[in-house]
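Following: one structure in structure tokens, then a few remarks.
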Amino acid sequence: MAFKESQGYCKKCEENILIRAETPNHVLHLIITIFTLSLWVIVWIGLSIKPKEWRCTKCGNLVLSSEMRGTKECPHCNEVVPQIMATCPTCNKWMGV
Ligand SMILES: [Zn+2]
Ligand SMILES: [Zn+2]
């Protein structure tokens with residue numbers, strides 16, 4: 001099984017951590033696509049764009065792909081916060097998305 005690794009924010013560990021997701025087996029999909037006369041390509045695309053299951057490599061907690069955009073710095077107080085937060089938890093000011 002192939003894996004993809006990335007940096008992500010784990011809610012459980014409350015830190016940025018190495019996260020891992022299974023990647024679709026493209027060779028297998030290619031073979032099925034050939035056998036189904038390209039019909040399978042619809043399923044293949046669907047699987048490729050579908051949000052992958054990212055898991056924290058430390059605790060195994062499921063990290064949603066929408067939550068794994070990393071961190072950003074608050075422009076008001078320079079606090080490093082998760083990318084998904086629109087409002088700074090430290091100074092409560094709007095940071096934008
Ligand atoms: Zn974790
Ligand atoms: Zn702030």
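To be explicit about the labels: the chains of the structure tokens are called A, B, and onward in the order shown, and within each one the residues are counted from 1, while ligands get numbers from 1 in the order they are shown.
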Got a sec: who's within 7 Å of Leu18 of chain A, counting only C-alpha atoms, leaving out chain neighbours fewer than 5 positions off, as a ChimeraX atom specification?
-> /A:5-8,56-57
Ligand 2: which residues are within 7 Å, counting only C-alpha atoms and all ligand atoms, as a list in words?
-> Cys74, Pro75, His76, Cys77, Asn78, Glu79, Cys88, Pro89, Thr90, Cys91, Asn92 and Lys93 of chain A
Nearest-residue call for Ala21 of chain A, choices A:Trp44, A:Phe3, A:Tyr9, A:Trp94, using only C-alpha atoms =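 The answer is A:Phe3, which sits nearest to Ala21 of chain A.
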Could you name the residues that touch segment 60-63 of chain A at 8 Å or less, counting only C-alpha atoms, but leaving out those on the same chain fewer than 5 positions away, as a PyMOL selection string?
-> chain A and resi 8-12+19+53-55+68
Write to file, as a CSV table (one decimal), in the first residue's frame, the residues of the selection just made, with C-alpha atoms.
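Result file follows (again_23.csv):
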chain,number,residue,atom,x,y,z
A,8,GLY,CA,-0.8,18.6,9.3
A,9,TYR,CA,-2.4,19.8,12.4
A,10,CYS,CA,-3.6,17.1,14.8
A,11,LYS,CA,-6.4,18.3,17.1
A,12,LYS,CA,-5.7,15.5,19.6
A,19,ILE,CA,0.4,12.9,8.9
A,53,GLU,CA,-8.1,10.0,5.0
A,54,TRP,CA,-5.2,11.7,6.7
A,55,ARG,CA,-4.0,10.2,10.0
A,68,MET,CA,-4.4,20.0,7.3
Expressed in Å to a single decimal, how great is the separation between atom CA of Met95 of chain A and atom 1 (Zn, counted along the ligand's line) of ligand 1?
->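 Value for the atom CA of Met95 of chain A-atom 1 (Zn, counted along the ligand's line) of ligand 1 distance: 25.4 Å.
Taking atom CA of Val43 of chain A as the reference point, atom CA of His29 of chain A is found at 8.8 Å.
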Write out as a PyMOL selection string all residues of chain A that DSSP puts in alpha helix (DSSP H) for this structure's backbone.
-> chain A and resi 26-35+41-49
Within 12 Å of Asn25 of chain A, counting only C-alpha atoms, which residues show up once you throw out same-chain ones fewer than 5 positions away? Write them as a ChimeraX atom specification, please.
-> /A:1-4,30-32,44,47-48
Rank nothing, just name the residue among A:Lys58, A:Trp40, A:Ile45, A:Thr23 nearest to ligand 1, using only C-alpha atoms and all ligand atoms.
->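 Checking each candidate against ligand 1, we get A:Lys58 as the closest.
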Work out how far atom CA of Arg20 of chain A is from atom CA of Ala86 of chain A, in Å to one decimal.
->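 Atom-to-atom, atom CA of Ala86 of chain A and atom CA of Arg20 of chain A are spaced 25.2 Å apart.
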Pick the closest to ligand 1 from A:Cys59, A:Leu39, A:Thr87, A:Glu22: which is it, counting only C-alpha atoms and all ligand atoms?
->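 Comparing A:Cys59, A:Leu39, A:Thr87, A:Glu22 against ligand 1, the winner is A:Cys59.
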